[in-house]
$ cat upload-v4.cif   # mmCIF, C-alpha atoms and all ligand atoms
data_query
loop_
_atom_site.label_atom_id
_atom_site.label_comp_id
_atom_site.auth_asym_id
_atom_site.auth_seq_id
_atom_site.Cartn_x
_atom_site.Cartn_y
_atom_site.Cartn_z
CA MET K 1 -4.05 -6.61 -0.75
CA SER K 2 -2.62 -3.41 -2.22
CA ALA K 3 -0.32 -5.44 -4.56
CA ALA K 4 -3.46 -7.21 -5.80
CA LYS K 5 -5.27 -3.92 -6.43
CA LYS K 6 -2.21 -2.50 -8.18
CA ASN K 7 -1.85 -5.64 -10.32
CA ALA K 8 -5.51 -5.37 -11.39
CA ALA K 9 -4.81 -1.78 -12.42
CA ILE K 10 -1.68 -2.83 -14.35
CA GLY K 11 -3.74 -5.49 -16.11
CA ALA K 12 -6.13 -2.82 -17.42
CA LEU K 13 -3.44 -0.48 -18.78
CA LYS K 14 -3.10 -2.48 -22.01
CA PHE K 15 -6.62 -1.41 -23.03
CA ILE K 16 -5.52 2.24 -23.19
CA GLU K 17 -4.31 3.69 -26.50
CA ASP K 18 -3.14 7.08 -27.70
CA GLY K 19 -6.00 9.57 -28.23
CA MET K 20 -8.55 7.76 -26.09
CA VAL K 21 -11.20 9.26 -23.81
CA VAL K 22 -10.97 7.22 -20.60
CA GLY K 23 -13.57 7.05 -17.82
CA LEU K 24 -11.82 7.13 -14.46
CA GLY K 25 -13.64 5.24 -11.71
CA SER K 26 -13.51 5.97 -7.99
CA GLY K 27 -11.82 4.06 -5.18
CA THR K 28 -8.42 2.73 -4.17
CA THR K 29 -8.08 0.26 -7.07
CA THR K 30 -8.85 2.90 -9.68
CA GLY K 31 -6.57 5.23 -7.70
CA HIS K 32 -3.72 2.89 -8.67
CA PHE K 33 -4.95 2.85 -12.27
CA THR K 34 -5.10 6.65 -12.51
CA ARG K 35 -1.59 7.06 -11.12
CA LEU K 36 -0.21 4.38 -13.46
CA LEU K 37 -2.03 5.90 -16.44
CA GLY K 38 -0.40 9.27 -15.71
CA GLU K 39 3.00 7.52 -15.66
CA LYS K 40 2.24 5.64 -18.90
CA MET K 41 1.28 8.89 -20.65
CA LYS K 42 4.60 10.49 -19.73
CA LYS K 43 6.71 7.43 -20.49
CA GLU K 44 5.09 6.51 -23.82
CA ARG K 45 4.33 10.13 -24.79
CA ILE K 46 0.70 9.29 -25.47
CA SER K 47 -2.19 11.68 -25.10
CA VAL K 48 -5.32 10.62 -23.20
CA VAL K 49 -8.15 12.61 -21.62
CA GLY K 50 -10.04 11.39 -18.57
CA VAL K 51 -13.66 11.66 -17.48
CA PRO K 52 -13.76 11.63 -13.65
CA THR K 53 -16.57 9.87 -11.78
CA SER K 54 -16.30 11.79 -8.49
CA TYR K 55 -14.56 14.74 -6.86
CA ASP K 56 -12.12 12.17 -5.50
CA SER K 57 -11.25 10.74 -8.92
CA GLU K 58 -10.99 14.29 -10.30
CA MET K 59 -8.41 15.15 -7.63
CA GLN K 60 -6.49 11.93 -8.26
CA ALA K 61 -6.45 12.55 -12.01
CA LYS K 62 -5.19 16.11 -11.56
CA LYS K 63 -2.39 14.79 -9.34
CA ALA K 64 -1.50 12.23 -12.03
CA GLY K 65 -1.36 14.96 -14.72
CA ILE K 66 -4.31 13.60 -16.74
CA PRO K 67 -6.30 16.32 -18.56
CA LEU K 68 -10.02 16.09 -17.80
CA ILE K 69 -13.23 16.63 -19.75
CA GLY K 70 -16.95 15.99 -19.12
CA LEU K 71 -19.16 13.90 -21.35
CA GLU K 72 -18.93 16.14 -24.42
CA ARG K 73 -17.04 13.39 -26.25
CA GLU K 74 -17.71 9.64 -26.61
CA VAL K 75 -15.97 7.61 -23.89
CA ASP K 76 -13.77 4.89 -25.41
CA VAL K 77 -13.12 2.88 -22.28
CA ALA K 78 -14.05 3.23 -18.60
CA ILE K 79 -12.00 1.57 -15.87
CA ASP K 80 -13.76 1.18 -12.54
CA GLY K 81 -13.56 -0.83 -9.30
CA ALA K 82 -16.13 -3.02 -7.57
CA ASP K 83 -17.16 -4.02 -4.06
CA LEU K 84 -18.37 -7.51 -4.95
CA ILE K 85 -18.20 -9.59 -8.12
CA LYS K 86 -21.05 -12.01 -8.69
CA ASP K 87 -22.06 -14.16 -11.63
CA GLY K 88 -23.16 -11.70 -14.33
CA TYR K 89 -23.04 -8.49 -12.33
CA VAL K 90 -20.94 -6.46 -9.89
CA LEU K 91 -22.01 -4.43 -6.87
CA LYS K 92 -20.62 -0.93 -6.42
CA GLY K 93 -21.20 2.14 -4.31
CA GLY K 94 -18.94 1.58 -1.32
CA GLY K 95 -17.43 4.97 -2.00
CA GLY K 96 -20.82 6.53 -2.69
CA ALA K 97 -19.88 7.45 -6.27
CA LEU K 98 -22.23 4.99 -8.00
CA THR K 99 -24.35 7.45 -9.97
CA ARG K 100 -21.59 9.24 -11.85
CA GLU K 101 -19.77 5.93 -12.12
CA LYS K 102 -22.73 4.32 -13.86
CA VAL K 103 -23.24 7.32 -16.14
CA VAL K 104 -19.62 7.20 -17.29
CA ASP K 105 -19.17 3.39 -17.25
CA TYR K 106 -22.34 2.71 -19.26
CA ALA K 107 -21.59 5.54 -21.69
CA ALA K 108 -18.24 3.93 -22.52
CA GLU K 109 -17.76 1.70 -25.53
CA LYS K 110 -15.96 -0.70 -23.19
CA PHE K 111 -16.50 -0.77 -19.42
CA ILE K 112 -13.74 -2.73 -17.68
CA VAL K 113 -14.02 -3.65 -14.00
CA ILE K 114 -10.79 -3.96 -12.02
CA ALA K 115 -10.69 -5.63 -8.59
CA ASP K 116 -8.55 -7.69 -6.26
CA GLU K 117 -9.31 -11.39 -5.95
CA GLY K 118 -10.93 -10.86 -2.53
CA LYS K 119 -13.86 -9.18 -4.29
CA ILE K 120 -14.95 -12.40 -5.96
CA GLY K 121 -18.09 -13.14 -4.10
CA ASN K 122 -18.72 -16.85 -3.75
CA GLY K 123 -21.07 -16.88 -0.78
CA LYS K 124 -20.29 -13.26 0.13
CA THR K 125 -22.87 -10.50 0.34
CA TYR K 126 -22.81 -6.73 -0.06
CA PRO K 127 -25.70 -4.26 0.20
CA VAL K 128 -27.33 -2.81 -2.88
CA VAL K 129 -26.54 0.90 -2.60
CA VAL K 130 -29.36 3.18 -3.72
CA GLU K 131 -28.84 6.92 -4.27
CA VAL K 132 -32.03 8.86 -3.52
CA VAL K 133 -33.25 12.41 -3.79
CA PRO K 134 -33.29 13.56 -0.10
CA PHE K 135 -37.00 14.50 -0.18
CA ALA K 136 -37.92 10.93 -1.28
CA ARG K 137 -35.81 9.01 1.23
CA GLU K 138 -38.75 7.70 3.29
CA SER K 139 -41.06 6.77 0.41
CA VAL K 140 -38.19 5.05 -1.39
CA ALA K 141 -37.23 3.20 1.81
CA ARG K 142 -40.82 1.93 2.16
CA ALA K 143 -40.89 0.78 -1.47
CA LEU K 144 -37.59 -1.06 -0.93
CA GLU K 145 -38.96 -2.73 2.23
CA LYS K 146 -41.94 -3.96 0.23
CA MET K 147 -39.43 -5.52 -2.21
CA GLY K 148 -37.85 -7.40 0.70
CA PHE K 149 -34.86 -5.13 1.39
CA GLU K 150 -33.72 -3.59 4.68
CA PRO K 151 -32.63 -0.06 3.74
CA GLU K 152 -30.32 1.87 6.06
CA LEU K 153 -29.52 5.55 5.58
CA ARG K 154 -25.75 5.96 5.26
CA VAL K 155 -24.39 8.38 7.85
CA GLY K 156 -21.08 10.21 7.81
CA GLY K 157 -17.91 9.18 9.63
CA LYS K 158 -16.49 12.65 10.19
CA LYS K 159 -19.77 14.55 9.73
CA LEU K 160 -23.02 14.38 11.63
CA GLY K 161 -26.08 13.14 9.78
CA PRO K 162 -26.45 11.59 6.34
CA VAL K 163 -23.67 11.23 3.81
CA VAL K 164 -24.40 13.72 1.01
CA THR K 165 -23.16 12.46 -2.37
CA ASP K 166 -21.26 14.50 -4.97
CA ASN K 167 -24.71 15.04 -6.55
CA GLY K 168 -26.33 16.37 -3.34
CA ASN K 169 -28.31 13.19 -2.62
CA PHE K 170 -28.56 10.57 0.17
CA LEU K 171 -27.60 6.89 0.11
CA LEU K 172 -29.57 3.87 1.31
CA ASP K 173 -27.51 0.72 1.94
CA CYS K 174 -30.01 -2.06 1.28
CA THR K 175 -29.47 -5.53 2.67
CA GLY K 176 -31.43 -8.22 0.89
CA LYS K 177 -31.50 -11.00 -1.63
CA ILE K 178 -30.55 -10.30 -5.23
CA PRO K 179 -32.43 -12.57 -7.65
CA LYS K 180 -30.72 -14.47 -10.49
CA ASP K 181 -31.95 -11.83 -12.94
CA ALA K 182 -30.00 -8.97 -11.35
CA ALA K 183 -30.29 -6.83 -14.49
CA ARG K 184 -34.07 -6.80 -14.04
CA LEU K 185 -33.75 -5.70 -10.42
CA GLU K 186 -31.30 -3.00 -11.54
CA ARG K 187 -34.01 -1.62 -13.86
CA GLU K 188 -36.84 -2.05 -11.31
CA LEU K 189 -34.99 -0.15 -8.58
CA ASN K 190 -34.49 2.79 -10.92
CA SER K 191 -38.23 2.89 -11.65
CA ILE K 192 -39.06 3.87 -8.05
CA PRO K 193 -39.76 7.62 -8.05
CA GLY K 194 -36.97 9.40 -6.18
CA VAL K 195 -34.31 6.80 -6.93
CA VAL K 196 -31.42 8.36 -8.82
CA GLU K 197 -29.34 5.21 -9.41
CA ASN K 198 -28.41 1.90 -7.80
CA GLY K 199 -25.22 -0.07 -7.29
CA ILE K 200 -26.02 -3.12 -9.43
CA PHE K 201 -23.84 -2.95 -12.57
CA SER K 202 -24.87 -5.72 -14.94
CA ARG K 203 -23.33 -4.34 -18.16
CA TYR K 204 -19.59 -4.61 -18.56
CA PHE K 205 -17.08 -5.72 -21.18
CA LYS K 206 -14.53 -7.49 -19.00
CA ILE K 207 -13.35 -7.97 -15.42
CA VAL K 208 -9.63 -7.82 -14.64
CA ILE K 209 -8.76 -9.56 -11.37
CA GLY K 210 -5.51 -8.84 -9.54
CA ASN K 211 -3.74 -11.00 -6.99
CA GLU K 212 -0.31 -10.92 -5.34
CA LYS K 213 1.34 -12.44 -8.45
CA GLY K 214 -0.31 -10.59 -11.33
CA SER K 215 -3.67 -10.38 -13.06
CA TYR K 216 -6.10 -12.41 -15.12
CA GLU K 217 -9.33 -11.70 -16.94
CA LEU K 218 -12.83 -13.04 -16.37
C1 LIG K 301 -17.16 3.61 -5.31
C2 LIG K 301 -17.02 2.22 -5.79
C3 LIG K 301 -15.67 1.61 -5.76
O1 LIG K 301 -15.35 1.21 -7.07
C4 LIG K 301 -15.69 0.41 -4.87
O2 LIG K 301 -16.08 0.82 -3.59
C5 LIG K 301 -14.32 -0.27 -4.83
O3 LIG K 301 -13.42 0.47 -4.08
P1 LIG K 301 -11.95 0.01 -3.81
O4 LIG K 301 -11.26 -0.05 -5.12
O5 LIG K 301 -11.38 1.07 -2.90
O6 LIG K 301 -11.98 -1.34 -3.14
O7 LIG K 301 -17.97 1.59 -6.20
O8 LIG K 301 -18.49 4.02 -5.33
#
$ encode --input "upload-v4.cif" --output "C-alpha cells" --more "lines below"
Ligand code: 5RP
Amino acid sequence: MSAAKKNAAIGALKFIEDGMVVGLGSGTTTGHFTRLLGEKMKKERISVVGVPTSYDSEMQAKKAGIPLIGLEREVDVAIDGADLIKDGYVLKGGGGALTREKVVDYAAEKFIVIADEGKIGNGKTYPVVVEVVPFARESVARALEKMGFEPELRVGGKKLGPVVTDNGNFLLDCTGKIPKDAARLERELNSIPGVVENGIFSRYFKIVIGNEKGSYEL
C-alpha cells in the first residue's frame, strides 16, 4: 500500500512549478508528497512555499526543508489525501485535520486529491466527520440525528476523553447515508450552529490515484 501512496504523490509532483504557493495536506499520502517536494526543490533548484494544514503537516514540511507561510498569499495548488473517493466528492477527516484542510484546499486555484487505489469507494462507506465547537457538541449531535446520522464523539487513543483538534474543537464521526447531491449536504451540515466544518469535499480539480505500478488521473 505504501508504494501506491508514494506513486500517487509522485503523480502530483508535475503540477508544481517554480515560485508556487502550495497547500500541504495532512496524512501519510501527503507525507510522501511533502518529502518528495522537498527533494524536488533541492534537485531542480526551484523555490516553493508551503501552507500547512495541521501541526503534523507543518512538522513534515519543516523536516523536508519547505519554507512555510499562512494564507497571506493566494494558494496556487493544494495537494491533499482522502479517506474515501466517491462519485463527485471525497470524504476526509480521518486524521482530524479537515477544517484547515478545507480552508487551504478550497482557497487554492487547483485542489488536487491524491490517494491509493484502495480509497476508491465502490460500495464502501466512511463516516462524515464533523468538527464542532465543544460547547455545541450535544445540540449538533441532536441535529445530526434528526438528519438520519449516528454521530459518535471521537475519543483519543493515547489520551483520555475527546480528541481535541488543532483548532481546539471536538469531532463527531457520523455514520449515515450520503445523498446523491453531496455538495448540498456539505452546505447543510455547515449551517448547523456550532458546526465548524465537515469532511465532505465536493470541490476539486483532479484526483491522482496511485497503485503498485504507478499513477493515473480521474
Ligand atoms: C486527514 C485526512 C487525510 O487526508 C486522510 O485521512 C487520508 O490519510 P492517509 O493519506 O494517511 O490515508 O483527511 O484529516
$ residues_around --input "upload-v4.cif" --residues "stretch 179-187 of chain K" --least-positions-apart "6" --cutoff "8 Å" --atoms "all atoms listed in the file" --output "list of chain:residue names"
K:Gly88, K:Tyr89, K:Asn198, K:Gly199, K:Ile200, K:Phe201, K:Ser202
$ closest_atom_pairs --input "upload-v4.cif" --of "chain K" --to "ligand LIG 301 (chain K)" --cutoff "7 Å" --atoms "only C-alpha atoms and all ligand atoms" --output "CSV"
residue,atom,partner,partner_atom,distance
K:Gly25,CA,K:LIG301,O1,6.4
K:Ser26,CA,K:LIG301,C1,5.1
K:Gly27,CA,K:LIG301,O5,3.8
K:Thr28,CA,K:LIG301,O5,3.6
K:Thr29,CA,K:LIG301,O4,3.7
K:Thr30,CA,K:LIG301,O4,5.9
K:Asp80,CA,K:LIG301,O1,5.7
K:Gly81,CA,K:LIG301,O1,3.5
K:Ala82,CA,K:LIG301,C5,4.3
K:Asp83,CA,K:LIG301,C4,4.7
K:Lys92,CA,K:LIG301,O7,3.7
K:Gly93,CA,K:LIG301,O8,3.5
K:Gly94,CA,K:LIG301,O2,3.7
K:Gly95,CA,K:LIG301,C1,3.6
K:Gly96,CA,K:LIG301,O8,4.3
K:Ala97,CA,K:LIG301,O8,3.8
K:Leu98,CA,K:LIG301,O8,4.7
K:Ala115,CA,K:LIG301,O4,6.6
$ residues_around --input "upload-v4.cif" --residues "K:Val103" --least-positions-apart "3" --cutoff "12 Å" --atoms "only C-alpha atoms" --output "NGL selection string"
:K and (23-25 or 51-54 or 70-71 or 75 or 78 or 80 or 97-100 or 106-108 or 111 or 196-199 or 201 or 203)
$ axis_aligned_box --input "upload-v4.cif" --around "stretch 208-215 of chain K" --padding-each-side "3 Å" --output "JSON"
{"center_x": -4.1, "center_y": -10.1, "center_z": -10.0, "size_x": 17.0, "size_y": 10.6, "size_z": 15.3}
$ atom_distance --input "upload-v4.cif" --atom1 "atom CA of K:Val208" --atom2 "atom CA of K:Ile112"
7.2 Å
$ closest_residue --input "upload-v4.cif" --among "K:Val49, K:Leu189, K:Val195, K:Leu36" --to "K:Ile10" --atoms "all atoms listed in the file"
K:Leu36
$ closest_residue --input "upload-v4.cif" --among "K:Gly157, K:Asp116, K:Ile46, K:Cys174" --to "K:Gly11" --atoms "all atoms listed in the file"
K:Asp116
$ closest_residue --input "upload-v4.cif" --among "K:Gly194, K:Glu101, K:Ala61, K:Val48" --to "K:Asp166" --atoms "all atoms listed in the file"
K:Glu101
$ closest_residue --input "upload-v4.cif" --among "K:Lys146, K:Lys213, K:Lys177, K:Arg137" --to "K:Pro162" --atoms "all atoms listed in the file"
K:Arg137
$ closest_residue --input "upload-v4.cif" --among "K:Asp105, K:Glu58, K:Glu152, K:Asp87" --to "K:Thr34" --atoms "only C-alpha atoms"
K:Glu58
$ closest_residue --input "upload-v4.cif" --among "K:Pro127, K:Gly50, K:Gly161, K:Gly118" --to "K:Ala8" --atoms "only C-alpha atoms"
K:Gly118
$ atom_distance --input "upload-v4.cif" --atom1 "atom CA of K:Glu138" --atom2 "atom CA of K:Glu188"
17.7 Å
$ residues_near_point --input "upload-v4.cif" --point "(-29.7, 1.1, 3.6)" --cutoff "7 Å" --atoms "all atoms listed in the file" --output "number ranges by chain"
K: 129, 150-154, 172-175
$ atom_distance --input "upload-v4.cif" --atom1 "atom CA of K:Met147" --atom2 "atom CA of K:Leu91"
18.1 Å
$ residues_around --input "upload-v4.cif" --residues "K:Glu17" --least-positions-apart "2" --cutoff "9 Å" --atoms "all atoms listed in the file" --output "list in words"
Leu13, Lys14, Phe15, Gly19, Met20, Ile46, Ser47 and Val48 of chain K
$ residues_near_point --input "upload-v4.cif" --point "(-1.4, -2.7, -1.2)" --cutoff "12 Å" --atoms "only C-alpha atoms" --output "ChimeraX atom specification"
/K:1-9,28-29,31-32,116,210-212
$ write_last_selection --input "upload-v4.cif" --atoms "C-alpha atoms" --output "mmCIF file, keeping the file's coordinate frame"
data_model
loop_
_atom_site.group_PDB
_atom_site.id
_atom_site.type_symbol
_atom_site.label_atom_id
_atom_site.label_comp_id
_atom_site.auth_asym_id
_atom_site.auth_seq_id
_atom_site.Cartn_x
_atom_site.Cartn_y
_atom_site.Cartn_z
ATOM 1 C CA MET K 1 -4.050 -6.610 -0.750
ATOM 2 C CA SER K 2 -2.620 -3.410 -2.220
ATOM 3 C CA ALA K 3 -0.320 -5.440 -4.560
ATOM 4 C CA ALA K 4 -3.460 -7.210 -5.800
ATOM 5 C CA LYS K 5 -5.270 -3.920 -6.430
ATOM 6 C CA LYS K 6 -2.210 -2.500 -8.180
ATOM 7 C CA ASN K 7 -1.850 -5.640 -10.320
ATOM 8 C CA ALA K 8 -5.510 -5.370 -11.390
ATOM 9 C CA ALA K 9 -4.810 -1.780 -12.420
ATOM 10 C CA THR K 28 -8.420 2.730 -4.170
ATOM 11 C CA THR K 29 -8.080 0.260 -7.070
ATOM 12 C CA GLY K 31 -6.570 5.230 -7.700
ATOM 13 C CA HIS K 32 -3.720 2.890 -8.670
ATOM 14 C CA ASP K 116 -8.550 -7.690 -6.260
ATOM 15 C CA GLY K 210 -5.510 -8.840 -9.540
ATOM 16 C CA ASN K 211 -3.740 -11.000 -6.990
ATOM 17 C CA GLU K 212 -0.310 -10.920 -5.340
#
$ build_atoms --input "upload-v4.cif" --residues "stretch 188-199 of chain K" --atoms "all heavy atoms" --output "mmCIF file, in the frame of the given file"
data_model
loop_
_atom_site.group_PDB
_atom_site.id
_atom_site.type_symbol
_atom_site.label_atom_id
_atom_site.label_comp_id
_atom_site.auth_asym_id
_atom_site.auth_seq_id
_atom_site.Cartn_x
_atom_site.Cartn_y
_atom_site.Cartn_z
ATOM 1 N N GLU K 188 -35.667 -2.278 -12.186
ATOM 2 C CA GLU K 188 -36.840 -2.050 -11.310
ATOM 3 C C GLU K 188 -36.531 -1.017 -10.224
ATOM 4 O O GLU K 188 -37.372 -0.174 -9.913
ATOM 5 C CB GLU K 188 -37.250 -3.369 -10.650
ATOM 6 C CG GLU K 188 -38.091 -4.250 -11.555
ATOM 7 C CD GLU K 188 -38.359 -5.639 -10.967
ATOM 8 O OE1 GLU K 188 -37.988 -5.890 -9.799
ATOM 9 O OE2 GLU K 188 -38.914 -6.465 -11.704
ATOM 10 N N LEU K 189 -35.341 -1.106 -9.651
ATOM 11 C CA LEU K 189 -34.990 -0.150 -8.580
ATOM 12 C C LEU K 189 -35.022 1.272 -9.122
ATOM 13 O O LEU K 189 -35.492 2.195 -8.453
ATOM 14 C CB LEU K 189 -33.603 -0.476 -8.024
ATOM 15 C CG LEU K 189 -33.506 -1.758 -7.188
ATOM 16 C CD1 LEU K 189 -32.055 -2.082 -6.839
ATOM 17 C CD2 LEU K 189 -34.334 -1.650 -5.904
ATOM 18 N N ASN K 190 -34.538 1.444 -10.356
ATOM 19 C CA ASN K 190 -34.490 2.790 -10.920
ATOM 20 C C ASN K 190 -35.869 3.300 -11.337
ATOM 21 O O ASN K 190 -36.011 4.472 -11.678
ATOM 22 C CB ASN K 190 -33.536 2.820 -12.124
ATOM 23 C CG ASN K 190 -32.086 2.837 -11.680
ATOM 24 O OD1 ASN K 190 -31.802 2.741 -10.494
ATOM 25 N ND2 ASN K 190 -31.175 2.956 -12.616
ATOM 26 N N SER K 191 -36.880 2.424 -11.291
ATOM 27 C CA SER K 191 -38.230 2.890 -11.650
ATOM 28 C C SER K 191 -38.997 3.406 -10.436
ATOM 29 O O SER K 191 -40.102 3.909 -10.565
ATOM 30 C CB SER K 191 -39.005 1.764 -12.346
ATOM 31 O OG SER K 191 -39.359 0.781 -11.395
ATOM 32 N N ILE K 192 -38.393 3.306 -9.244
ATOM 33 C CA ILE K 192 -39.060 3.870 -8.050
ATOM 34 C C ILE K 192 -38.856 5.387 -8.069
ATOM 35 O O ILE K 192 -37.709 5.852 -8.133
ATOM 36 C CB ILE K 192 -38.445 3.284 -6.744
ATOM 37 C CG1 ILE K 192 -38.550 1.751 -6.715
ATOM 38 C CG2 ILE K 192 -39.092 3.899 -5.510
ATOM 39 C CD1 ILE K 192 -37.738 1.102 -5.583
ATOM 40 N N PRO K 193 -39.933 6.164 -8.014
ATOM 41 C CA PRO K 193 -39.760 7.620 -8.050
ATOM 42 C C PRO K 193 -38.889 8.106 -6.893
ATOM 43 O O PRO K 193 -39.108 7.721 -5.739
ATOM 44 C CB PRO K 193 -41.200 8.152 -7.919
ATOM 45 C CG PRO K 193 -42.059 7.025 -8.424
ATOM 46 C CD PRO K 193 -41.348 5.761 -7.993
ATOM 47 N N GLY K 194 -37.896 8.893 -7.206
ATOM 48 C CA GLY K 194 -36.970 9.400 -6.180
ATOM 49 C C GLY K 194 -35.642 8.677 -6.177
ATOM 50 O O GLY K 194 -34.670 9.168 -5.593
ATOM 51 N N VAL K 195 -35.597 7.496 -6.820
ATOM 52 C CA VAL K 195 -34.310 6.800 -6.930
ATOM 53 C C VAL K 195 -33.527 7.431 -8.078
ATOM 54 O O VAL K 195 -34.052 7.616 -9.174
ATOM 55 C CB VAL K 195 -34.498 5.280 -7.208
ATOM 56 C CG1 VAL K 195 -33.179 4.626 -7.606
ATOM 57 C CG2 VAL K 195 -35.067 4.596 -5.967
ATOM 58 N N VAL K 196 -32.281 7.764 -7.791
ATOM 59 C CA VAL K 196 -31.420 8.360 -8.820
ATOM 60 C C VAL K 196 -30.664 7.248 -9.551
ATOM 61 O O VAL K 196 -30.624 7.225 -10.776
ATOM 62 C CB VAL K 196 -30.422 9.356 -8.181
ATOM 63 C CG1 VAL K 196 -29.504 9.958 -9.232
ATOM 64 C CG2 VAL K 196 -31.178 10.456 -7.440
ATOM 65 N N GLU K 197 -30.099 6.317 -8.802
ATOM 66 C CA GLU K 197 -29.340 5.210 -9.410
ATOM 67 C C GLU K 197 -29.098 4.148 -8.355
ATOM 68 O O GLU K 197 -29.294 4.405 -7.156
ATOM 69 C CB GLU K 197 -28.009 5.766 -9.965
ATOM 70 C CG GLU K 197 -27.254 4.859 -10.917
ATOM 71 C CD GLU K 197 -28.138 4.189 -11.963
ATOM 72 O OE1 GLU K 197 -28.458 4.807 -12.997
ATOM 73 O OE2 GLU K 197 -28.511 3.019 -11.710
ATOM 74 N N ASN K 198 -28.714 2.957 -8.788
ATOM 75 C CA ASN K 198 -28.410 1.900 -7.800
ATOM 76 C C ASN K 198 -27.101 1.216 -8.157
ATOM 77 O O ASN K 198 -26.584 1.349 -9.260
ATOM 78 C CB ASN K 198 -29.574 0.903 -7.706
ATOM 79 C CG ASN K 198 -29.693 0.031 -8.943
ATOM 80 O OD1 ASN K 198 -28.999 -0.974 -9.063
ATOM 81 N ND2 ASN K 198 -30.537 0.440 -9.896
ATOM 82 N N GLY K 199 -26.576 0.474 -7.197
ATOM 83 C CA GLY K 199 -25.220 -0.070 -7.290
ATOM 84 C C GLY K 199 -25.075 -1.408 -7.978
ATOM 85 O O GLY K 199 -24.002 -2.023 -7.916
#
